[in-house]
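Novice: Structure supplied as data_34.txt; contents: compact mmCIF, C-alpha atoms.
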# COMPACT_ATOMS: atom_id res chain seq x y z
CA MET A 8 -20.04 -55.60 39.69
CA THR A 9 -22.13 -58.50 38.67
CA HIS A 10 -20.71 -61.12 36.39
CA SER A 11 -23.80 -61.51 34.27
CA GLY A 12 -23.85 -62.97 30.81
CA GLU A 13 -23.76 -59.51 29.23
CA PRO A 14 -20.99 -59.04 26.73
CA GLY A 15 -18.35 -56.73 28.16
CA ALA A 16 -19.53 -57.04 31.75
CA ARG A 17 -16.33 -58.78 32.86
CA THR A 18 -14.16 -56.27 30.98
CA GLN A 19 -15.80 -53.39 32.86
CA VAL A 20 -15.09 -55.03 36.22
CA ASP A 21 -11.47 -55.72 35.25
CA SER A 22 -10.86 -52.18 34.01
CA GLU A 23 -12.27 -50.72 37.24
CA GLY A 24 -9.94 -52.98 39.24
CA TYR A 25 -6.86 -51.92 37.30
CA ARG A 26 -7.70 -48.21 37.38
CA ILE A 27 -6.53 -47.91 40.99
CA TYR A 28 -3.07 -49.13 39.99
CA SER A 29 -2.83 -46.36 37.40
CA VAL A 30 -3.91 -43.76 39.96
CA VAL A 31 -1.35 -45.02 42.50
CA TRP A 32 1.34 -45.06 39.82
CA GLY A 33 0.46 -41.44 39.03
CA TRP A 34 0.84 -40.44 42.69
CA LEU A 35 4.17 -42.26 42.88
CA LEU A 36 5.34 -40.36 39.80
CA ILE A 37 4.21 -37.04 41.29
CA LEU A 38 6.02 -37.77 44.57
CA THR A 39 9.18 -38.73 42.68
CA LEU A 40 9.07 -35.48 40.69
CA LEU A 41 8.57 -33.52 43.92
CA GLU A 42 11.63 -35.25 45.40
CA LEU A 43 13.65 -34.35 42.33
CA GLY A 44 12.40 -30.78 42.48
CA ALA A 45 13.31 -30.44 46.15
CA VAL A 46 16.88 -31.52 45.37
CA LEU A 47 17.24 -29.26 42.33
CA VAL A 48 15.86 -26.17 44.11
CA HIS A 49 18.66 -26.43 46.70
CA VAL A 50 16.44 -26.48 49.77
CA PRO A 51 18.36 -26.16 53.08
CA ARG A 52 19.82 -29.50 54.14
CA GLY A 53 17.67 -30.09 57.24
CA LEU A 54 14.45 -29.31 55.38
CA LEU A 55 15.61 -31.39 52.41
CA VAL A 56 16.22 -34.44 54.59
CA PHE A 57 12.81 -34.02 56.22
CA LEU A 58 11.05 -33.62 52.86
CA LEU A 59 12.81 -36.57 51.25
CA LEU A 60 12.13 -38.86 54.20
CA THR A 61 8.48 -37.82 54.36
CA MET A 62 7.94 -38.37 50.65
CA ALA A 63 9.79 -41.71 50.76
CA LEU A 64 7.51 -42.87 53.59
CA MET A 65 4.45 -41.75 51.64
CA LYS A 66 5.65 -43.71 48.60
CA ALA A 67 6.37 -46.76 50.74
CA ALA A 68 2.89 -46.56 52.26
CA LEU A 69 1.29 -46.43 48.80
CA ILE A 70 3.33 -49.39 47.58
CA ILE A 71 2.60 -51.44 50.69
CA ALA A 72 -1.11 -50.63 50.64
CA TYR A 73 -1.88 -51.16 46.97
CA PHE A 74 0.85 -53.19 45.26
CA MET A 75 1.46 -55.54 48.18
CA HIS A 76 -2.32 -55.75 48.76
CA LEU A 77 -2.17 -54.89 52.45
CA ARG A 78 -4.79 -52.14 52.25
CA TYR A 79 -7.57 -54.35 53.59
CA GLU A 80 -5.51 -56.58 55.82
CA ARG A 81 -6.09 -56.80 59.53
CA LEU A 82 -4.30 -54.30 61.70
CA SER A 83 -2.38 -57.02 63.50
CA LEU A 84 -0.74 -58.08 60.23
CA VAL A 85 0.30 -54.50 59.54
CA TYR A 86 1.75 -54.25 63.04
CA ALA A 87 3.62 -57.49 62.43
CA VAL A 88 5.31 -55.86 59.44
CA VAL A 89 5.77 -52.30 60.73
CA THR A 90 7.01 -53.03 64.25
CA PRO A 91 10.09 -55.03 63.24
CA MET A 92 10.95 -52.43 60.60
CA PHE A 93 10.74 -49.69 63.24
CA PHE A 94 13.09 -51.50 65.61
CA LEU A 95 15.44 -52.36 62.74
CA ALA A 96 15.62 -48.68 61.85
CA ILE A 97 16.51 -47.83 65.46
CA VAL A 98 19.27 -50.46 65.55
CA ILE A 99 20.69 -49.37 62.20
CA PHE A 100 20.68 -45.72 63.25
CA ALA A 101 22.29 -46.58 66.59
CA PHE A 102 25.19 -48.38 64.91
CA MET A 103 25.57 -46.29 61.76
CA GLY A 104 24.41 -42.89 63.01
CA PRO A 105 27.64 -41.81 64.72
CA ASP A 106 29.67 -42.69 61.63
CA ALA A 107 27.26 -40.86 59.36
CA PHE A 108 27.48 -37.69 61.44
CA SER A 109 31.28 -37.86 61.67
CA VAL A 110 31.56 -37.90 57.87
CA MET A 111 30.05 -34.40 57.72
CA HIS A 112 33.02 -33.04 59.70
CA LEU A 113 35.74 -34.51 57.46
CA ARG A 114 35.78 -31.61 55.00
Any chance you could put this one into structure tokens?

Specialist:
Amino acid sequence: MTHSGEPGARTQVDSEGYRIYSVVWGWLLILTLLELGAVLVHVPRGLLVFLLLTMALMKAALIIAYFMHLRYERLSLVYAVVTPMFFLAIVIFAFMGPDAFSVMHLR
């Protein structure tokens, strides 16, 4: 990873840096195809919800870590982002959860 005067030395460093984005993009594509497959296979509803939420969280973690460049950030910064999102999810579920469950009984 030296930036010597050799021709092509900088190009090799750049291509190694961009390779990780291609790998992450590949994993995001695989997770998206798995989500699509889970829906098309007609998995039972409870298992489907669990699978979709798990894969969505995995995709979010990949995006946050690599594309938002938080992979090497200090843990306190990650907690500053994750903790409010956790409490927001609780508040949203508390207010919207009863309505969401009542919709299932309207049929």

Novice: Identify, on the basis of only C-alpha atoms, every residue whose closest approach to region 40-47 of chain A does not exceed 10 Å; exclude the query and any residue fewer than 3 positions from it along the same chain; express the result as a list in words.

Specialist: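 My list of contacting residues is Trp34, Leu35, Leu36, Ile37, Val50, Pro51, Arg52, Leu54, Leu55, Val56, Leu58, Leu59, Leu60, Thr61, Met62 and Ala63 of chain A.
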
Novice: Kindly give the distance, in Å, that separates CA of His112 (chain A) and CA of His49 (chain A), rounded to a single decimal.

Specialist: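 Straight-line distance from CA of His112 (chain A) to CA of His49 (chain A) works out to 20.5 Å.
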
Novice: One decimal, in Å: what's the spacing between CA of Ala96 (chain A) and CA of Ala72 (chain A)?

Specialist: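 CA of Ala72 (chain A) lies at a distance of 20.2 Å from CA of Ala96 (chain A).
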